[in-house]
Amino acid sequence: MIGHNGFMAYFANRGDDLEMRHLKLPFDLGKTRFVFYEPRDEDSIREVIADADIVVNMIGKYYESYYPYETKSFPYVGYKKNYSFEEVNVDIPEKLARICLDMQVDHFIHVSSASANPDSRSEWSRTKFAGENAVREIYPWATIIRPTQMFGRGDRLLENMARFSRWYWSLYLVDGGKSLTQPVWVGDVARTIAHIVDNAAAFEGKRVDLFGPKEYNYLELAEFIDDCTRRNFPVRDIPYEWARPAAELMQWRRQPFVTPDLVDQWSEDFLPPLGSAEAYANQDELVTMKDFGMQPSSMESIMYQYLQRHMKFGHFHYVDGYH
């Protein structure tokens, strides 16, 4: 979306350069620059930023990463924490804000989360809040973006639940799935960021809260996924006190479906702080999609096209004329 507006974009990358090649398509030839960096190496960060006027920080991780090391006794391997929530959500944003200030970058946009709360059960949410404060302390005119949980192709919400149900033939909901969430389409979040980049000066020091048109509990999300996938998987209630120890074991798989911190998040409401669109309409301090002339997209209108691939036999099995 930023490419359509003619911007030159610098992309920071820690992986293979082929992982990001699809990002070239929206841009004119020569309008992208892909730079490898290491978050603990300030020189590499400065190389990414270069002469940029606007920096958008979207660095994040939904689980803490570990790396193996050799031990002298059985099982001869142990694990040490690599990137913690504290480093990813607080230290790195603080470092970026300081470097942007030092390099005289005009605008810094920091993507946080609607769940940012110092009193949350979730360490991820607590560190998101601390990260916002660290950024504001160094770069007071930064724009803070707070989306709720995002849905879209390959998301960590609906598609994650659909994949879990395929692997384990059922879906487990913490405390019966009674906690509330108000997910927002990732495309709406991207469009909002593009609007802010177009006129960054107008949003200096502002907080932008992004949320979908409707709130759901996790049981309703599970029922929606089942309607789309037609798998008729059983939905099981698991108390928080049981779910967290189970997540301690399941977190060790690659790109885990569930972690202890995700259990903490699922046990709490994940809603916009003011609660409703009406409450936001009655104030002028916080910015929402409405201020950009946008209406949030509904989950039902977007996600069927992505969830149908999780059907047991594919959607052609259910349509006359393909057999």
# chains A, B, ... in the order shown; residues from 1 in each chain; ligands from 1
>>> residues_around(residues="region 94-97 of chain A", least_positions_apart="6", cutoff="7 Å", atoms="only C-alpha atoms", output="number ranges by chain")
A: 131, 134-135, 138-139
>>> select_by_dssp(residues="region 42-210 of chain A", states="alpha helix (DSSP H)", output="PyMOL selection string")
chain A and resi 42-49+85-86+92-102+123-138+158-168+186-198
>>> atom_distance(atom1="CA of His107 (chain A)", atom2="CA of Ile193 (chain A)")
12.5 Å
>>> residues_around(residues="Met150 (chain A)", least_positions_apart="4", cutoff="6 Å", atoms="only C-alpha atoms", output="list of chain:residue names")
A:Pro183, A:Val184, A:Trp185, A:Val186
>>> atom_distance(atom1="CA of Val88 (chain A)", atom2="CA of Gly60 (chain A)")
6.2 Å
>>> residues_around(residues="region 281-294 of chain A", least_positions_apart="5", cutoff="8 Å", atoms="only C-alpha atoms", output="PyMOL selection string")
chain A and resi 192+195+206-210
